[in-house]
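One file, data-v6.cif, carrying mmCIF, C-alpha atoms and all ligand atoms:
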```
data_data
#
loop_
_atom_site.group_PDB
_atom_site.id
_atom_site.type_symbol
_atom_site.label_atom_id
_atom_site.label_comp_id
_atom_site.auth_asym_id
_atom_site.auth_seq_id
_atom_site.Cartn_x
_atom_site.Cartn_y
_atom_site.Cartn_z
ATOM 1 C CA MET V 1 -218.831 -9.905 54.758
ATOM 2 C CA LYS V 2 -218.362 -11.362 58.196
ATOM 3 C CA LEU V 3 -215.079 -10.744 59.920
ATOM 4 C CA GLN V 4 -216.189 -11.734 63.410
ATOM 5 C CA GLY V 5 -214.207 -14.674 64.742
ATOM 6 C CA LYS V 6 -211.796 -14.888 61.768
ATOM 7 C CA HIS V 7 -208.072 -15.640 62.063
ATOM 8 C CA ILE V 8 -205.800 -13.269 60.115
ATOM 9 C CA ILE V 9 -202.663 -15.171 59.182
ATOM 10 C CA ASP V 10 -201.995 -14.204 55.585
ATOM 11 C CA ALA V 11 -202.806 -11.022 53.692
ATOM 12 C CA SER V 12 -205.041 -13.111 51.445
ATOM 13 C CA ASP V 13 -207.310 -14.042 54.374
ATOM 14 C CA LEU V 14 -209.041 -10.726 53.702
ATOM 15 C CA SER V 15 -210.981 -9.943 50.536
ATOM 16 C CA VAL V 16 -210.610 -6.492 48.976
ATOM 17 C CA GLY V 17 -214.083 -5.663 50.311
ATOM 18 C CA GLU V 18 -213.022 -6.653 53.844
ATOM 19 C CA LEU V 19 -209.761 -4.712 53.508
ATOM 20 C CA ASN V 20 -211.691 -1.600 52.473
ATOM 21 C CA LEU V 21 -214.086 -2.025 55.392
ATOM 22 C CA ILE V 22 -211.145 -2.152 57.833
ATOM 23 C CA ILE V 23 -209.416 0.820 56.171
ATOM 24 C CA ASP V 24 -212.548 2.982 56.203
ATOM 25 C CA LEU V 25 -213.292 2.194 59.851
ATOM 26 C CA ALA V 26 -209.642 2.931 60.748
ATOM 27 C CA LEU V 27 -209.906 6.366 59.130
ATOM 28 C CA ARG V 28 -213.205 7.064 60.920
ATOM 29 C CA MET V 29 -211.469 6.112 64.171
ATOM 30 C CA ARG V 30 -208.603 8.452 63.369
ATOM 31 C CA ALA V 31 -211.026 11.306 62.732
ATOM 32 C CA ASN V 32 -212.969 10.839 65.968
ATOM 33 C CA ILE V 33 -211.293 8.520 68.431
ATOM 34 C CA GLU V 34 -213.519 9.457 71.396
ATOM 35 C CA GLU V 35 -216.515 7.906 69.672
ATOM 36 C CA PHE V 36 -214.839 4.486 69.929
ATOM 37 C CA SER V 37 -213.396 4.689 73.454
ATOM 38 C CA GLU V 38 -215.657 1.945 74.886
ATOM 39 C CA LEU V 39 -215.972 -0.207 71.787
ATOM 40 C CA CYS V 40 -214.040 -3.142 73.252
ATOM 41 C CA LYS V 41 -214.887 -2.670 76.913
ATOM 42 C CA GLY V 42 -214.590 -6.024 78.671
ATOM 43 C CA LYS V 43 -212.427 -7.547 75.911
ATOM 44 C CA ILE V 44 -208.885 -8.812 76.515
ATOM 45 C CA LEU V 45 -206.049 -8.898 73.987
ATOM 46 C CA ALA V 46 -203.205 -11.393 74.519
ATOM 47 C CA THR V 47 -199.907 -10.360 72.911
ATOM 48 C CA LEU V 48 -197.661 -13.408 72.452
ATOM 49 C CA PHE V 49 -194.359 -12.099 71.101
ATOM 50 C CA TYR V 50 -191.620 -14.666 70.563
ATOM 51 C CA GLU V 51 -189.519 -12.139 68.631
ATOM 52 C CA PRO V 52 -188.645 -8.464 69.328
ATOM 53 C CA SER V 53 -191.044 -5.703 68.346
ATOM 54 C CA THR V 54 -191.728 -2.073 69.137
ATOM 55 C CA ARG V 55 -194.464 -0.912 66.767
ATOM 56 C CA THR V 56 -196.535 -4.028 66.281
ATOM 57 C CA ARG V 57 -196.835 -5.033 69.926
ATOM 58 C CA LEU V 58 -197.212 -1.532 71.338
ATOM 59 C CA SER V 59 -199.632 -0.362 68.652
ATOM 60 C CA PHE V 60 -201.824 -3.424 69.264
ATOM 61 C CA GLU V 61 -201.716 -2.747 73.004
ATOM 62 C CA SER V 62 -202.429 0.938 72.510
ATOM 63 C CA ALA V 63 -205.273 0.089 70.117
ATOM 64 C CA MET V 64 -207.009 -2.209 72.627
ATOM 65 C CA LEU V 65 -206.543 0.260 75.499
ATOM 66 C CA LYS V 66 -207.927 3.129 73.379
ATOM 67 C CA MET V 67 -211.090 1.044 72.833
ATOM 68 C CA GLY V 68 -211.571 0.432 76.561
ATOM 69 C CA GLY V 69 -210.258 -3.151 76.587
ATOM 70 C CA SER V 70 -207.365 -4.731 78.477
ATOM 71 C CA VAL V 71 -204.084 -6.378 77.529
ATOM 72 C CA ILE V 72 -202.107 -9.371 78.820
ATOM 73 C CA GLY V 73 -199.132 -11.152 77.293
ATOM 74 C CA PHE V 74 -195.396 -11.508 77.016
ATOM 75 C CA SER V 75 -192.803 -9.689 74.941
ATOM 76 C CA ASP V 76 -190.039 -12.208 75.530
ATOM 77 C CA ALA V 77 -190.788 -15.925 75.267
ATOM 78 C CA GLU V 78 -187.868 -16.554 77.653
ATOM 79 C CA THR V 79 -190.062 -15.238 80.469
ATOM 80 C CA SER V 80 -192.936 -17.599 79.570
ATOM 81 C CA SER V 81 -193.313 -21.364 79.974
ATOM 82 C CA VAL V 82 -191.868 -21.773 76.464
ATOM 83 C CA LYS V 83 -188.592 -21.715 78.404
ATOM 84 C CA LYS V 84 -189.747 -24.949 80.133
ATOM 85 C CA GLY V 85 -190.522 -26.589 76.800
ATOM 86 C CA GLU V 86 -194.231 -25.809 76.338
ATOM 87 C CA ASN V 87 -195.318 -26.007 72.711
ATOM 88 C CA ILE V 88 -197.431 -23.491 70.766
ATOM 89 C CA ALA V 89 -200.563 -25.680 70.764
ATOM 90 C CA ASP V 90 -200.657 -25.964 74.563
ATOM 91 C CA THR V 91 -199.873 -22.265 75.048
ATOM 92 C CA ILE V 92 -202.726 -21.279 72.729
ATOM 93 C CA ARG V 93 -205.235 -23.669 74.327
ATOM 94 C CA VAL V 94 -204.469 -22.126 77.718
ATOM 95 C CA VAL V 95 -204.481 -18.489 76.547
ATOM 96 C CA ASN V 96 -207.937 -19.132 75.014
ATOM 97 C CA ASN V 97 -209.223 -19.169 78.613
ATOM 98 C CA TYR V 98 -207.646 -15.828 79.435
ATOM 99 C CA ALA V 99 -208.313 -13.595 76.433
ATOM 100 C CA ASN V 100 -210.764 -12.817 73.601
ATOM 101 C CA ILE V 101 -208.209 -12.245 70.833
ATOM 102 C CA ILE V 102 -204.526 -13.079 70.284
ATOM 103 C CA VAL V 103 -201.760 -11.412 68.320
ATOM 104 C CA MET V 104 -198.658 -13.542 67.846
ATOM 105 C CA ARG V 105 -195.210 -12.780 66.440
ATOM 106 C CA HIS V 106 -192.833 -15.665 65.918
ATOM 107 C CA PRO V 107 -189.477 -16.166 64.151
ATOM 108 C CA ARG V 108 -190.750 -19.387 62.565
ATOM 109 C CA GLU V 109 -192.829 -19.123 59.396
ATOM 110 C CA GLY V 110 -196.205 -20.782 59.900
ATOM 111 C CA ALA V 111 -196.242 -20.523 63.719
ATOM 112 C CA PRO V 112 -199.350 -18.252 63.815
ATOM 113 C CA LEU V 113 -201.107 -20.608 61.375
ATOM 114 C CA LEU V 114 -200.391 -23.511 63.720
ATOM 115 C CA ALA V 115 -201.650 -21.408 66.637
ATOM 116 C CA SER V 116 -204.904 -20.672 64.794
ATOM 117 C CA GLN V 117 -205.548 -24.407 64.423
ATOM 118 C CA TYR V 118 -205.731 -24.729 68.216
ATOM 119 C CA SER V 119 -207.640 -21.519 68.890
ATOM 120 C CA GLU V 120 -211.334 -20.775 69.234
ATOM 121 C CA ILE V 121 -210.627 -17.053 69.500
ATOM 122 C CA PRO V 122 -209.172 -14.971 66.617
ATOM 123 C CA VAL V 123 -205.415 -15.258 66.091
ATOM 124 C CA ILE V 124 -203.699 -12.397 64.266
ATOM 125 C CA ASN V 125 -200.275 -12.882 62.724
ATOM 126 C CA GLY V 126 -198.024 -10.089 64.021
ATOM 127 C CA GLY V 127 -195.200 -11.250 61.712
ATOM 128 C CA ASP V 128 -193.837 -14.767 61.139
ATOM 129 C CA GLY V 129 -190.228 -15.131 60.044
ATOM 130 C CA GLY V 130 -189.687 -13.848 56.513
ATOM 131 C CA HIS V 131 -193.200 -14.869 55.497
ATOM 132 C CA GLN V 132 -196.039 -12.395 56.145
ATOM 133 C CA HIS V 133 -196.963 -9.332 58.192
ATOM 134 C CA PRO V 134 -200.628 -8.673 57.373
ATOM 135 C CA THR V 135 -201.257 -5.911 59.924
ATOM 136 C CA GLN V 136 -198.267 -3.966 58.617
ATOM 137 C CA THR V 137 -199.984 -4.154 55.248
ATOM 138 C CA LEU V 138 -203.223 -2.848 56.746
ATOM 139 C CA THR V 139 -201.190 0.021 58.197
ATOM 140 C CA ASP V 140 -199.637 0.640 54.771
ATOM 141 C CA LEU V 141 -202.996 0.622 52.984
ATOM 142 C CA VAL V 142 -204.536 2.994 55.533
ATOM 143 C CA THR V 143 -201.537 5.304 54.975
ATOM 144 C CA ILE V 144 -201.882 5.195 51.184
ATOM 145 C CA LYS V 145 -205.640 5.846 51.402
ATOM 146 C CA TYR V 146 -205.117 8.690 53.880
ATOM 147 C CA TYR V 147 -202.481 10.496 51.822
ATOM 148 C CA LYS V 148 -203.492 9.565 48.264
ATOM 149 C CA GLU V 149 -207.277 9.369 48.898
ATOM 150 C CA HIS V 150 -207.605 6.133 46.943
ATOM 151 C CA ILE V 151 -205.809 2.811 46.456
ATOM 152 C CA LYS V 152 -205.599 2.561 42.697
ATOM 153 C CA ASP V 153 -203.580 3.903 39.743
ATOM 154 C CA ILE V 154 -200.372 3.855 41.773
ATOM 155 C CA LYS V 155 -196.799 3.218 40.709
ATOM 156 C CA ILE V 156 -194.977 2.094 43.827
ATOM 157 C CA ALA V 157 -191.256 1.458 44.212
ATOM 158 C CA ILE V 158 -190.301 -0.972 46.968
ATOM 159 C CA CYS V 159 -186.625 -0.798 47.841
ATOM 160 C CA GLY V 160 -184.306 -2.895 50.001
ATOM 161 C CA ASP V 161 -184.524 -6.463 51.240
ATOM 162 C CA LEU V 162 -187.266 -7.978 49.119
ATOM 163 C CA LEU V 163 -186.187 -11.552 49.831
ATOM 164 C CA PHE V 164 -186.592 -11.639 53.607
ATOM 165 C CA GLY V 165 -188.874 -8.634 54.186
ATOM 166 C CA ARG V 166 -192.222 -10.003 55.351
ATOM 167 C CA SER V 167 -193.819 -6.541 55.206
ATOM 168 C CA VAL V 168 -192.883 -6.433 51.518
ATOM 169 C CA HIS V 169 -194.326 -9.889 50.830
ATOM 170 C CA SER V 170 -197.669 -9.038 52.427
ATOM 171 C CA LEU V 171 -197.834 -5.654 50.713
ATOM 172 C CA LEU V 172 -197.102 -7.094 47.269
ATOM 173 C CA LYS V 173 -199.720 -9.820 47.642
ATOM 174 C CA THR V 174 -202.341 -7.381 48.845
ATOM 175 C CA LEU V 175 -201.728 -4.299 46.731
ATOM 176 C CA SER V 176 -201.647 -6.396 43.553
ATOM 177 C CA ARG V 177 -205.396 -7.017 44.074
ATOM 178 C CA TYR V 178 -206.189 -3.298 43.700
ATOM 179 C CA PRO V 179 -206.807 -1.657 40.302
ATOM 180 C CA ASN V 180 -203.950 -0.474 38.105
ATOM 181 C CA ILE V 181 -201.016 -0.949 40.463
ATOM 182 C CA GLU V 182 -197.483 -1.012 39.029
ATOM 183 C CA PHE V 183 -194.504 -2.246 41.035
ATOM 184 C CA VAL V 184 -190.880 -1.170 40.686
ATOM 185 C CA LEU V 185 -188.823 -3.587 42.779
ATOM 186 C CA ILE V 186 -185.387 -2.294 43.758
ATOM 187 C CA SER V 187 -182.969 -4.640 45.487
ATOM 188 C CA PRO V 188 -179.480 -6.095 45.285
ATOM 189 C CA SER V 189 -179.601 -9.164 43.047
ATOM 190 C CA GLU V 190 -179.055 -11.366 46.148
ATOM 191 C CA LEU V 191 -182.224 -9.982 47.775
ATOM 192 C CA ARG V 192 -184.779 -10.080 44.954
ATOM 193 C CA ILE V 193 -188.338 -11.177 45.774
ATOM 194 C CA PRO V 194 -188.824 -14.950 45.889
ATOM 195 C CA HIS V 195 -189.675 -16.380 42.447
ATOM 196 C CA HIS V 196 -192.844 -18.094 43.655
ATOM 197 C CA LEU V 197 -194.209 -14.793 44.985
ATOM 198 C CA LYS V 198 -193.428 -12.892 41.807
ATOM 199 C CA ASP V 199 -194.893 -15.618 39.594
ATOM 200 C CA SER V 200 -198.095 -15.915 41.614
ATOM 201 C CA ILE V 201 -198.698 -12.144 41.632
ATOM 202 C CA ILE V 202 -198.205 -11.896 37.873
ATOM 203 C CA GLU V 203 -200.290 -15.004 37.150
ATOM 204 C CA GLU V 204 -203.189 -14.127 39.447
ATOM 205 C CA HIS V 205 -203.401 -10.374 38.967
ATOM 206 C CA ASN V 206 -201.524 -9.592 35.792
ATOM 207 C CA VAL V 207 -199.734 -6.655 37.445
ATOM 208 C CA LYS V 208 -196.744 -4.924 35.902
ATOM 209 C CA ILE V 209 -193.466 -5.597 37.739
ATOM 210 C CA TYR V 210 -190.160 -4.004 36.842
ATOM 211 C CA GLU V 211 -187.056 -5.180 38.699
ATOM 212 C CA THR V 212 -183.856 -3.160 39.029
ATOM 213 C CA THR V 213 -180.846 -2.715 41.318
ATOM 214 C CA SER V 214 -180.850 1.082 40.966
ATOM 215 C CA LEU V 215 -182.859 3.456 43.157
ATOM 216 C CA GLU V 216 -181.629 6.473 41.197
ATOM 217 C CA GLU V 217 -182.946 5.034 37.928
ATOM 218 C CA CYS V 218 -186.603 5.207 38.933
ATOM 219 C CA ILE V 219 -187.008 7.592 41.877
ATOM 220 C CA ASN V 220 -188.345 10.337 39.576
ATOM 221 C CA ASP V 221 -191.170 8.218 38.223
ATOM 222 C CA VAL V 222 -193.145 6.769 41.161
ATOM 223 C CA ASN V 223 -196.064 7.923 43.318
ATOM 224 C CA VAL V 224 -194.983 5.973 46.387
ATOM 225 C CA LEU V 225 -191.496 4.983 47.556
ATOM 226 C CA TYR V 226 -191.478 2.234 50.195
ATOM 227 C CA MET V 227 -188.019 1.851 51.748
ATOM 228 C CA THR V 228 -187.128 -1.199 53.845
ATOM 229 C CA ARG V 229 -184.139 -2.236 55.913
ATOM 230 C CA ILE V 230 -181.855 -5.158 55.145
ATOM 231 C CA GLN V 231 -183.103 -7.872 57.552
ATOM 232 C CA LYS V 232 -179.941 -8.678 59.502
ATOM 233 C CA GLU V 233 -181.630 -11.331 61.661
ATOM 234 C CA ARG V 234 -182.535 -13.489 58.619
ATOM 235 C CA PHE V 235 -179.000 -13.723 57.173
ATOM 236 C CA PHE V 236 -176.999 -16.919 57.544
ATOM 237 C CA SER V 237 -173.654 -15.108 57.341
ATOM 238 C CA GLU V 238 -172.527 -11.865 59.001
ATOM 239 C CA ASP V 239 -170.151 -11.198 56.076
ATOM 240 C CA GLU V 240 -173.027 -11.358 53.579
ATOM 241 C CA TYR V 241 -175.056 -8.924 55.700
ATOM 242 C CA ILE V 242 -172.133 -6.495 55.952
ATOM 243 C CA LYS V 243 -171.676 -6.649 52.186
ATOM 244 C CA LEU V 244 -175.317 -5.718 51.534
ATOM 245 C CA LYS V 245 -176.367 -3.595 54.493
ATOM 246 C CA ASP V 246 -175.671 -0.198 52.905
ATOM 247 C CA SER V 247 -176.951 -1.065 49.439
ATOM 248 C CA TYR V 248 -179.405 1.852 49.507
ATOM 249 C CA ILE V 249 -179.271 5.056 51.512
ATOM 250 C CA LEU V 250 -181.923 7.625 50.673
ATOM 251 C CA THR V 251 -180.573 11.161 51.100
ATOM 252 C CA PRO V 252 -182.065 14.636 50.471
ATOM 253 C CA GLU V 253 -179.842 14.799 47.387
ATOM 254 C CA LYS V 254 -181.473 11.708 45.839
ATOM 255 C CA LEU V 255 -184.931 12.837 46.907
ATOM 256 C CA LYS V 256 -184.530 16.033 44.836
ATOM 257 C CA TYR V 257 -185.335 13.963 41.758
ATOM 258 C CA ALA V 258 -188.583 12.541 43.174
ATOM 259 C CA ARG V 259 -192.063 13.912 42.511
ATOM 260 C CA LYS V 260 -193.367 16.780 44.628
ATOM 261 C CA ASP V 261 -196.324 14.619 45.676
ATOM 262 C CA LEU V 262 -194.277 11.488 46.428
ATOM 263 C CA LEU V 263 -195.451 9.491 49.454
ATOM 264 C CA LEU V 264 -192.333 8.193 51.223
ATOM 265 C CA MET V 265 -193.034 5.214 53.463
ATOM 266 C CA HIS V 266 -191.049 2.756 55.599
ATOM 267 C CA PRO V 267 -192.484 0.082 57.916
ATOM 268 C CA LEU V 268 -189.674 0.873 60.418
ATOM 269 C CA PRO V 269 -187.417 0.181 62.233
ATOM 270 C CA ARG V 270 -184.981 2.177 60.128
ATOM 271 C CA VAL V 271 -181.303 1.323 60.323
ATOM 272 C CA ASN V 272 -179.507 3.631 57.873
ATOM 273 C CA GLU V 273 -181.405 3.241 54.591
ATOM 274 C CA ILE V 274 -183.008 6.676 55.037
ATOM 275 C CA SER V 275 -180.681 9.392 56.270
ATOM 276 C CA TYR V 276 -181.963 11.417 59.227
ATOM 277 C CA GLU V 277 -181.907 14.614 57.151
ATOM 278 C CA VAL V 278 -184.784 13.213 55.088
ATOM 279 C CA ASP V 279 -187.107 13.214 58.130
ATOM 280 C CA ILE V 280 -187.970 16.898 57.718
ATOM 281 C CA ASP V 281 -188.960 16.478 54.070
ATOM 282 C CA PRO V 282 -192.764 16.922 53.907
ATOM 283 C CA ARG V 283 -193.003 13.807 51.739
ATOM 284 C CA ALA V 284 -191.537 11.595 54.489
ATOM 285 C CA LYS V 285 -194.541 10.011 56.195
ATOM 286 C CA TYR V 286 -193.079 6.995 57.979
ATOM 287 C CA PHE V 287 -193.752 8.249 61.498
ATOM 288 C CA GLU V 288 -197.327 9.139 60.531
ATOM 289 C CA GLN V 289 -197.547 5.642 59.024
ATOM 290 C CA ALA V 290 -196.610 4.126 62.407
ATOM 291 C CA LYS V 291 -199.274 6.311 64.036
ATOM 292 C CA LEU V 292 -201.921 5.194 61.549
ATOM 293 C CA GLY V 293 -200.978 1.606 62.492
ATOM 294 C CA VAL V 294 -202.811 2.073 65.787
ATOM 295 C CA PHE V 295 -206.066 2.879 63.985
ATOM 296 C CA ALA V 296 -205.577 0.012 61.535
ATOM 297 C CA ARG V 297 -205.245 -2.398 64.470
ATOM 298 C CA MET V 298 -208.149 -0.837 66.378
ATOM 299 C CA SER V 299 -210.361 -1.323 63.374
ATOM 300 C CA LEU V 300 -209.226 -4.891 62.719
ATOM 301 C CA MET V 301 -209.691 -6.016 66.329
ATOM 302 C CA ALA V 302 -213.089 -4.345 66.659
ATOM 303 C CA LEU V 303 -214.334 -6.134 63.544
ATOM 304 C CA LEU V 304 -212.879 -9.520 64.541
ATOM 305 C CA LEU V 305 -214.540 -9.161 67.935
ATOM 306 C CA GLY V 306 -217.885 -8.312 66.389
ATOM 307 C CA ARG V 307 -217.750 -4.751 67.685
ATOM 308 C CA GLY V 308 -217.100 -2.962 64.402
ATOM 309 C CA CYS V 309 -219.686 -0.489 63.216
HETATM 310 N N1 LIG P 401 -192.918 -2.531 61.447
HETATM 311 C C1 LIG P 401 -192.764 -3.412 62.442
HETATM 312 O O1 LIG P 401 -193.236 -4.574 62.392
HETATM 313 O O2 LIG P 401 -192.068 -2.934 63.514
HETATM 314 P P1 LIG P 401 -191.712 -3.756 64.823
HETATM 315 O O3 LIG P 401 -190.775 -4.880 64.417
HETATM 316 O O4 LIG P 401 -191.084 -2.769 65.755
HETATM 317 O O5 LIG P 401 -192.995 -4.347 65.365
#
```

Transcribe the structure of this file into structure tokens.
Amino acid sequence: MKLQGKHIIDASDLSVGELNLIIDLALRMRANIEEFSELCKGKILATLFYEPSTRTRLSFESAMLKMGGSVIGFSDAETSSVKKGENIADTIRVVNNYANIIVMRHPREGAPLLASQYSEIPVINGGDGGHQHPTQTLTDLVTIKYYKEHIKDIKIAICGDLLFGRSVHSLLKTLSRYPNIEFVLISPSELRIPHHLKDSIIEEHNVKIYETTSLEECINDVNVLYMTRIQKERFFSEDEYIKLKDSYILTPEKLKYARKDLLLMHPLPRVNEISYEVDIDPRAKYFEQAKLGVFARMSLMALLLGRGC
């Protein structure tokens, strides 16, 4: 297993062994962060964000700073030379001289893959259009391991926008490689997971998938409930978004029917698919999930930079 120098564009760029290595190091970092405070001393992270972000960009920045490294970058492409017409290839070739590792978010699917083809330093996909979000998946796996102690024998319901949600696509592709995982996919019929994704998961991993439009129907029977927002920015029509935006709202009333040991997750940002009253439920772990995202990204960067131990 050699992660040093790799690009991470798609969840499938990492084997299960590599995923477990990253998860275990992330949890060691969480347990004793001081031990790792100089791990990336002298290293520079470039954050190239062509699309808005709070968690991904700031958790990457926090992760590098916590390991003694430094951060450069932009959070709005309008303030970079993209505004003057510079293409991704030229931007990446230049940033290669300024940094040791890059994380890129872009509204266009495939943009981080293109970037990786012009980069001699690792490029990490921080989310590309409705395609993939591999470091959100690392965050999700670290959270499942932390709260459930293993990543196997899990029935997970994923609810919301399964068509455009890149966090969902990465999670499905990755979790289906773990033992005995069952998926309950809850969405409006307009926002079901893409056929090609469903077919490939079933063909390659023979996982059980049950699709439904009803959250109430299955909330009592899952170990993990992963809520997601309806992705307004990916809709072609405002009217269609308005029609679907409140398809699912998780309330304390609905949560009464869930298991006592349910793990309730959300990649965030939340819009209104989880009511604020749910936040005090001990099963709601989405803010802890965002916190664990820092350790997931610390671990990933350390290993890609050859500093993992
Ligand atoms: N979960 C996630 O990707 O959040 P941001 O869009 O705020 O980065």

Choose the residue, out of V:Arg307, V:Lys260, V:His266, V:Arg57, that has the smallest atom-to-atom separation from Cys40 in chain V; count all atoms listed in the file. V:Arg307

Excluding same-chain residues fewer than 2 positions from Val95 in chain V, what lies within 12 Å of it counting all atoms listed in the file, as JSON, numbers by chain? {"V": [44, 45, 46, 47, 48, 72, 73, 74, 80, 88, 89, 90, 91, 92, 93, 97, 98, 99, 100, 101, 102, 103, 104, 115, 116, 118, 119, 120, 121, 122, 123]}

Could you write out that same residue set with C-alpha atoms as a compact mmCIF listing (two decimals), in the frame of the given file?
```
# COMPACT_ATOMS: atom_id res chain seq x y z
CA ILE V 44 -208.88 -8.81 76.52
CA LEU V 45 -206.05 -8.90 73.99
CA ALA V 46 -203.20 -11.39 74.52
CA THR V 47 -199.91 -10.36 72.91
CA LEU V 48 -197.66 -13.41 72.45
CA ILE V 72 -202.11 -9.37 78.82
CA GLY V 73 -199.13 -11.15 77.29
CA PHE V 74 -195.40 -11.51 77.02
CA SER V 80 -192.94 -17.60 79.57
CA ILE V 88 -197.43 -23.49 70.77
CA ALA V 89 -200.56 -25.68 70.76
CA ASP V 90 -200.66 -25.96 74.56
CA THR V 91 -199.87 -22.26 75.05
CA ILE V 92 -202.73 -21.28 72.73
CA ARG V 93 -205.24 -23.67 74.33
CA ASN V 97 -209.22 -19.17 78.61
CA TYR V 98 -207.65 -15.83 79.44
CA ALA V 99 -208.31 -13.60 76.43
CA ASN V 100 -210.76 -12.82 73.60
CA ILE V 101 -208.21 -12.24 70.83
CA ILE V 102 -204.53 -13.08 70.28
CA VAL V 103 -201.76 -11.41 68.32
CA MET V 104 -198.66 -13.54 67.85
CA ALA V 115 -201.65 -21.41 66.64
CA SER V 116 -204.90 -20.67 64.79
CA TYR V 118 -205.73 -24.73 68.22
CA SER V 119 -207.64 -21.52 68.89
CA GLU V 120 -211.33 -20.78 69.23
CA ILE V 121 -210.63 -17.05 69.50
CA PRO V 122 -209.17 -14.97 66.62
CA VAL V 123 -205.42 -15.26 66.09
```

Within 9 Å of ligand LIG 401 (chain P), counting all atoms listed in the file: which residues, as a list in words?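 So the residues close to ligand LIG 401 (chain P) are Glu51, Pro52, Ser53, Thr54, Arg55, Thr56, Arg57, Leu58, Ser59, Arg105, Gly126, Gly127, His133, Thr135, Gln136, Arg166, Ser167, His266, Pro267, Leu268, Pro269 and Ala290 of chain V.
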
CA of Pro179 in chain V to CA of Glu204 in chain V, distance in Å rounded to a single decimal: 13.0 Å

Hey, what comes out of the PyMOL selection byres (((chain V and resi 148) around 12) and not hetatm) on this file? Could you write it as a PyMOL selection string? chain V and resi 140-147+149-155+223-224+261-264+283+285

Of the listed residues V:Ile186, V:Ala111, V:Leu175, V:Leu303, that which approaches Ser247 in chain V most closely, counting all atoms listed in the file: V:Ile186

Restricting the calculation to all atoms listed in the file, which member of V:Ile193, V:Thr174, V:Thr139, V:Cys218 is positioned closest to Tyr286 in chain V?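 Nearest candidate to Tyr286 in chain V out of V:Ile193, V:Thr174, V:Thr139, V:Cys218: V:Thr139.
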
On this structure, which residues satisfy the PyMOL selection byres (((chain V and resi 254) around 10) and not hetatm), written as a compact mmCIF listing (two decimals) with C-alpha atoms, in the coordinates of the input?
```txt
# COMPACT_ATOMS: atom_id res chain seq x y z
CA LEU V 215 -182.86 3.46 43.16
CA GLU V 216 -181.63 6.47 41.20
CA ILE V 219 -187.01 7.59 41.88
CA ASN V 220 -188.34 10.34 39.58
CA ILE V 249 -179.27 5.06 51.51
CA LEU V 250 -181.92 7.62 50.67
CA THR V 251 -180.57 11.16 51.10
CA PRO V 252 -182.06 14.64 50.47
CA GLU V 253 -179.84 14.80 47.39
CA LEU V 255 -184.93 12.84 46.91
CA LYS V 256 -184.53 16.03 44.84
CA TYR V 257 -185.34 13.96 41.76
CA ALA V 258 -188.58 12.54 43.17
CA VAL V 278 -184.78 13.21 55.09
```

Residues near Glu182 in chain V, cut-off 9 Å, only C-alpha atoms, skip fewer than 6 positions along chain, as a list in words: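 The residues that qualify are Asp153, Ile154, Lys155, Ile156, Ala157, Ser176, Val207, Lys208, Ile209 and Tyr210 of chain V.
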
Pick from V:Asp161, V:Asp279, V:Glu78, V:Glu211: nearest to Gly130 in chain V, with all atoms listed in the file counted? V:Asp161

Rank V:Asn206, V:Asn272, V:Asn32, V:Thr137 by their smallest atom-to-atom distance to Gln289 in chain V, using only C-alpha atoms, and report the top residue only. V:Thr137

I need the residue set behind the PyMOL selection byres (((chain V and resi 189) around 12) and not hetatm) for this file; please write it as a PDB file with C-alpha atoms, in the coordinates of the input.
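Everything below was put into selection_26.pdb:
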```
ATOM      1  CA  CYS V 159    -186.625  -0.798  47.841  1.00  0.00           C
ATOM      2  CA  GLY V 160    -184.306  -2.895  50.001  1.00  0.00           C
ATOM      3  CA  ASP V 161    -184.524  -6.463  51.240  1.00  0.00           C
ATOM      4  CA  LEU V 162    -187.266  -7.978  49.119  1.00  0.00           C
ATOM      5  CA  LEU V 163    -186.187 -11.552  49.831  1.00  0.00           C
ATOM      6  CA  LEU V 185    -188.823  -3.587  42.779  1.00  0.00           C
ATOM      7  CA  ILE V 186    -185.387  -2.294  43.758  1.00  0.00           C
ATOM      8  CA  SER V 187    -182.969  -4.640  45.487  1.00  0.00           C
ATOM      9  CA  PRO V 188    -179.480  -6.095  45.285  1.00  0.00           C
ATOM     10  CA  GLU V 190    -179.055 -11.366  46.148  1.00  0.00           C
ATOM     11  CA  LEU V 191    -182.224  -9.982  47.775  1.00  0.00           C
ATOM     12  CA  ARG V 192    -184.779 -10.080  44.954  1.00  0.00           C
ATOM     13  CA  ILE V 193    -188.338 -11.177  45.774  1.00  0.00           C
ATOM     14  CA  PRO V 194    -188.824 -14.950  45.889  1.00  0.00           C
ATOM     15  CA  GLU V 211    -187.056  -5.180  38.699  1.00  0.00           C
ATOM     16  CA  THR V 212    -183.856  -3.160  39.029  1.00  0.00           C
ATOM     17  CA  THR V 213    -180.846  -2.715  41.318  1.00  0.00           C
ATOM     18  CA  SER V 214    -180.850   1.082  40.966  1.00  0.00           C
ATOM     19  CA  LEU V 244    -175.317  -5.718  51.534  1.00  0.00           C
ATOM     20  CA  SER V 247    -176.951  -1.065  49.439  1.00  0.00           C
TER      21      SER V 247
END
```

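Restricting the calculation to only C-alpha atoms, the smallest distance between Asp128 in chain V and any of V:Glu86, V:Glu109, V:Asp199, V:Glu61 is found for V:Glu109.
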
Report as AutoDock Vina command-line options the centre and the edge lengths, in Å to one decimal, of the axis-aligned box holding every listed atom of range 188-204 of chain V, padded by 6 Å on each side.
```
--center_x -191.1 --center_y -12.1 --center_z 42.5 --size_x 36.1 --size_y 24.0 --size_z 22.6
```

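Here CA of Ser275 in chain V and CA of Lys245 in chain V stand 13.8 Å from one another.
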
Contacts of Ser70 in chain V within 8 Å, all atoms listed in the file, excl. fewer than 3 positions in-chain, as a PyMOL selection string: chain V and resi 41-45+64-65
